[in-house]
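Input: a single structure, listed below in structure tokens.
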Amino acid sequence: MKKELRLTVNGQPYELYVKPKTLLVEALRKHLGLTGTKRGCESSSCGACTVILNGMAVKSCSILALQADGAKVFTIEGLADGEKLHPLQRAFLDYGAYQCGFCTAGMLASAKALLDEKAKPTEQQIRECIDGNICRCTGYNSIIRAITAVVNGEYKEEK
Amino acid sequence: MLIEGKFTLKAPIQKVWNSLLDPVTLASCIPGTEKMEVIDDKTYESVVKQKVGPISVKLKFTTTLTEVEPPRYIKAVGRGADITKAGTFTQETKVNLTEFPNDEVEVSYSSNVSLVGRLATFGERIMRAKAKSVGEEFTKNLQEKLKSGPAG
Amino acid sequence: MIKDFEYFAPKTLKEALTLLDKYRDECKIIAGGQSLLILMRQRLVTPEYLIDIKGISELNYITSNAKKGLKIGALATHRAIEKSPAMKNGFSVLGEMERRLASVQTRNWGTIGGNICHGDPAGDPVPVLIALRSTLKMANLKDERTMPVEDFTLDYFETALEPNELLTEIQVPLPSPHTGAAYTKFNIIESDVATVGVAVSLTLGSGSGICEDVRIVLGASAPTPMRAKKAEGVLHGKKITDNLLREAGVVASTEAEPISDIAASAEYRRELVRVLVARVGKEALARAKQA
């Protein structure tokens, strides 16, 4: 019944055996213990489960784990470099872009996917990239400001 | 959800009334009725199977005639559930008969259906859309049934 | 919460069709799963066999031919279509429609074929494809056939696809000269499904400015995406003015058969049709004049 699943998560290769009905979010949280990615809604509407799969932001609750066979997945656990926070994380801290933090992993994944694709998105493009991520706390503007700050070079990584 | 319909029949009002009074009549006109069981002269149990796109439902429910004002008005109430517990529902249906000259009777019904559960939350758009066509089919079935006269 | 199923992941169309031919009504096809998984998670759909066609690369393409138009593989993702350089000039309406479809995450994984086969009258692609006179290609193990997109959706969430068939390709012909097409939808929040969607394609006679051809297609306004043919009749053969567009909007709102639901009442949907047909018609006209 279980099938083999090979995927790379945050640069680390894994081999799992999962039931076909396993969702990608379940594989990440339960099988790999990567609980940073959240399940918020059960209706594919909130985006708290967003991860980056082969460079694309996707809702991991709406993908069967087996569909990620052979894929490169990025989750929130892969954002910081050890103790060193990613510019997006620092900006989120500085700009108050989270309160309860439940949507945050998904927001950062969507933001990172955008910046990986486009270094200088417009404000409209930033707003569109988090279209599929719902936040109950912040009112979104602090999130937009944080991402914009990174785009504007406020957090240029020191070498 | 409100499901309504009306039509006119050429038949004596008493004949139409006698048909309606038989709970089998109303229950058997529901599209997709698979099984029916008489409990008493006012109560009926049915199993209805319906498919809306990818969603199949098998509903088991009871219909009771609660208000009977011959020969003009019937009220029936029902409650039931999907066999897999995907949803439960209640309904209240009012049927009015109005006499017209030349042996014509207008039959009008109004059914208030309330659906709760996963079917309602996730299937709301699908169920609601289907309700309209179910209503149309019910109207057609009722019309046919009343034309042919009371059940034997 | 999902009920267990047996899983197949064919890598070629032939493999998939062989499986489909075997299991027919007992199985479900999954591509991006962006519509199907919502239902499966809630056990509203519980197939015994699931055929995952997402990996069939031969169905994932977008090609453009200067004479024949577009050929889009059923497994092309919404995002790929949105970003495709082929979505320009007469086809730009397709890219614009995709850009407003759901959210980025859904577009990255969901496929246009999956969307069409779901048969949702509120879906965005089908009204636009109808306006662009598109055809669909579907195949079973022995044969293949084509049909106009217009004839594909039969009822709420029901399509003309046979149990042993797969949708393989969407064909969008080159628009005639002096044709403009536009689409918009009203939704409650961005990334939401259409409360009402309207697609319009207008073809003007060269020099005459008379409307030689018109398609007005309504989404989320009837059991299936529908052409508002009476409204089209208001514009056909005439020189299009703002007043005429408003009239077409009024006629379209009477033709529509919307339902009331949590998003809007039937009356409000009719009102949306009335306004949006005129608005989208005006945009299509402007594009036709430039084409």
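Numbering starts fresh at 1 for the residues of each chain in the structure tokens, the chains themselves are lettered A, B, ... in the order given, and ligands are numbered from 1 as they appear.
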Write out as a short mmCIF file (atom, residue, chain, number, x, y, z; two decimals) with C-alpha atoms, in the first residue's frame each polymer residue whose atoms come within 10 Å of Ala222 of chain C, counting only C-alpha atoms; drop sequence neighbours fewer than 6 positions from it.
data_model
loop_
_atom_site.label_atom_id
_atom_site.label_comp_id
_atom_site.auth_asym_id
_atom_site.auth_seq_id
_atom_site.Cartn_x
_atom_site.Cartn_y
_atom_site.Cartn_z
CA ALA B 129 -26.95 24.79 -7.85
CA PRO C 121 -19.92 27.23 -14.25
CA ALA C 122 -18.01 29.84 -12.23
CA ASP C 155 -24.60 20.83 -16.40
CA TYR C 156 -23.29 21.83 -12.99
CA VAL C 196 -20.10 36.67 -12.06
CA GLU C 255 -31.03 35.86 -20.32
CA ALA C 256 -28.90 34.80 -17.37
CA GLU C 257 -30.20 32.10 -15.00
CA PRO C 258 -28.23 32.76 -11.83
CA ILE C 259 -28.83 31.23 -8.43
#
Tell me, counting only C-alpha atoms, for each residue of chain A within 12 Å of chain B, which pair of atoms is nearest and how far apart they are in Å to one decimal, in rows ordered by chain and increasing number, as CSV.
residue,atom,partner,partner_atom,distance
A:Cys41,CA,B:Phe122,CA,11.8
A:Glu42,CA,B:Phe122,CA,9.9
A:Ser43,CA,B:Phe122,CA,7.7
A:Ser44,CA,B:Phe122,CA,10.8
A:Ser45,CA,B:Phe122,CA,11.7
*Give as a VMD selection string every residue of chain C that touches chain A within 8 Å, counting only C-alpha atoms.*
chain C and resid 2 to 7 32 to 34 37 to 38 41 54 102 to 106 108 to 109 190 to 191
Could you write out that same residue set with C-alpha atoms as an mmCIF file, in the first residue's frame?
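Below is the file part.cif, written as the result:
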data_model
loop_
_atom_site.group_PDB
_atom_site.id
_atom_site.type_symbol
_atom_site.label_atom_id
_atom_site.label_comp_id
_atom_site.auth_asym_id
_atom_site.auth_seq_id
_atom_site.Cartn_x
_atom_site.Cartn_y
_atom_site.Cartn_z
ATOM 1 C CA ILE C 2 -8.931 11.197 2.798
ATOM 2 C CA LYS C 3 -10.166 7.666 2.224
ATOM 3 C CA ASP C 4 -7.461 5.221 1.125
ATOM 4 C CA PHE C 5 -7.155 4.587 -2.584
ATOM 5 C CA GLU C 6 -4.977 2.679 -4.966
ATOM 6 C CA TYR C 7 -2.607 5.011 -6.757
ATOM 7 C CA GLY C 32 -3.039 19.447 -10.192
ATOM 8 C CA GLY C 33 -5.750 18.352 -7.769
ATOM 9 C CA GLN C 34 -6.559 21.947 -6.827
ATOM 10 C CA LEU C 37 -8.358 17.390 -3.287
ATOM 11 C CA ILE C 38 -10.690 19.835 -1.538
ATOM 12 C CA ARG C 41 -10.189 15.742 1.963
ATOM 13 C CA LYS C 54 0.474 15.217 -13.485
ATOM 14 C CA ALA C 102 -7.332 31.948 -7.752
ATOM 15 C CA SER C 103 -3.908 32.714 -6.270
ATOM 16 C CA VAL C 104 -0.305 32.176 -7.292
ATOM 17 C CA GLN C 105 -0.010 28.901 -5.401
ATOM 18 C CA THR C 106 -3.052 27.392 -7.116
ATOM 19 C CA ASN C 108 1.521 27.095 -10.042
ATOM 20 C CA TRP C 109 0.166 23.575 -9.668
ATOM 21 C CA GLU C 190 -9.180 38.879 -4.908
ATOM 22 C CA SER C 191 -8.186 35.258 -5.539
#
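Each of B:Gly123, B:Pro71, B:Pro12, B:Pro23 was checked against chain C using only C-alpha atoms; the smallest atom-to-atom distance is that of B:Gly123.
The gap separating atom CA of Arg107 of chain C from atom CA of Cys137 of chain A is 25.9 Å, in Å to one decimal.
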*If you measure from atom CA of Leu129 of chain C to atom CA of Val149 of chain C, what distance in Å do you get, rounded to one decimal?*
6.8 Å
*Hey, what's within 9 Å of Arg287 of chain C if we count only C-alpha atoms and toss same-chain stuff fewer than 2 positions away? As a ChimeraX atom specification, please?*
/C:90,178-182,202,282-285,289-291
Selected residues written out, N, CA and C atoms, as a PDB file, in the first residue's frame:
ATOM      1  N   GLY C  90      -4.128  39.096 -29.809  1.00  0.00           N
ATOM      2  CA  GLY C  90      -5.476  38.537 -29.666  1.00  0.00           C
ATOM      3  C   GLY C  90      -5.607  37.539 -28.536  1.00  0.00           C
ATOM      4  N   HIS C 178      -9.237  42.623 -36.845  1.00  0.00           N
ATOM      5  CA  HIS C 178     -10.155  43.577 -36.199  1.00  0.00           C
ATOM      6  C   HIS C 178     -11.029  42.908 -35.150  1.00  0.00           C
ATOM      7  N   THR C 179     -10.433  41.954 -34.429  1.00  0.00           N
ATOM      8  CA  THR C 179     -11.137  41.310 -33.323  1.00  0.00           C
ATOM      9  C   THR C 179     -10.506  41.712 -32.006  1.00  0.00           C
ATOM     10  N   GLY C 180     -11.350  42.029 -31.037  1.00  0.00           N
ATOM     11  CA  GLY C 180     -10.853  42.335 -29.701  1.00  0.00           C
ATOM     12  C   GLY C 180     -11.607  41.484 -28.697  1.00  0.00           C
ATOM     13  N   ALA C 181     -10.889  40.982 -27.696  1.00  0.00           N
ATOM     14  CA  ALA C 181     -11.531  40.153 -26.668  1.00  0.00           C
ATOM     15  C   ALA C 181     -11.067  40.597 -25.297  1.00  0.00           C
ATOM     16  N   ALA C 182     -11.995  40.560 -24.348  1.00  0.00           N
ATOM     17  CA  ALA C 182     -11.653  40.955 -22.976  1.00  0.00           C
ATOM     18  C   ALA C 182     -12.462  40.114 -22.003  1.00  0.00           C
ATOM     19  N   LEU C 202     -15.351  40.736 -29.934  1.00  0.00           N
ATOM     20  CA  LEU C 202     -16.028  41.525 -30.976  1.00  0.00           C
ATOM     21  C   LEU C 202     -15.172  41.564 -32.227  1.00  0.00           C
ATOM     22  N   LYS C 282     -17.111  47.206 -23.935  1.00  0.00           N
ATOM     23  CA  LYS C 282     -16.423  48.450 -24.306  1.00  0.00           C
ATOM     24  C   LYS C 282     -14.917  48.201 -24.457  1.00  0.00           C
ATOM     25  N   GLU C 283     -14.362  47.418 -23.559  1.00  0.00           N
ATOM     26  CA  GLU C 283     -12.937  47.094 -23.627  1.00  0.00           C
ATOM     27  C   GLU C 283     -12.640  46.280 -24.883  1.00  0.00           C
ATOM     28  N   ALA C 284     -13.524  45.309 -25.164  1.00  0.00           N
ATOM     29  CA  ALA C 284     -13.330  44.477 -26.360  1.00  0.00           C
ATOM     30  C   ALA C 284     -13.391  45.329 -27.620  1.00  0.00           C
ATOM     31  N   LEU C 285     -14.296  46.292 -27.626  1.00  0.00           N
ATOM     32  CA  LEU C 285     -14.432  47.192 -28.780  1.00  0.00           C
ATOM     33  C   LEU C 285     -13.155  47.990 -28.995  1.00  0.00           C
ATOM     34  N   LYS C 289     -10.707  47.806 -32.319  1.00  0.00           N
ATOM     35  CA  LYS C 289     -10.338  48.958 -33.151  1.00  0.00           C
ATOM     36  C   LYS C 289      -8.836  49.036 -33.337  1.00  0.00           C
ATOM     37  N   GLN C 290      -8.089  48.551 -32.325  1.00  0.00           N
ATOM     38  CA  GLN C 290      -6.633  48.606 -32.427  1.00  0.00           C
ATOM     39  C   GLN C 290      -6.060  47.415 -33.171  1.00  0.00           C
ATOM     40  N   ALA C 291      -6.819  46.339 -33.243  1.00  0.00           N
ATOM     41  CA  ALA C 291      -6.276  45.080 -33.783  1.00  0.00           C
ATOM     42  C   ALA C 291      -5.979  45.165 -35.285  1.00  0.00           C
TER      43      ALA C 291
END
*Select residues of chain C: the criterion is any atom within 10 Å of an atom of chain B, counting only C-alpha atoms; output as a PyMOL selection string.*
chain C and resi 28+36+38-40+42-47+118-122+155-159+222-223+258-263
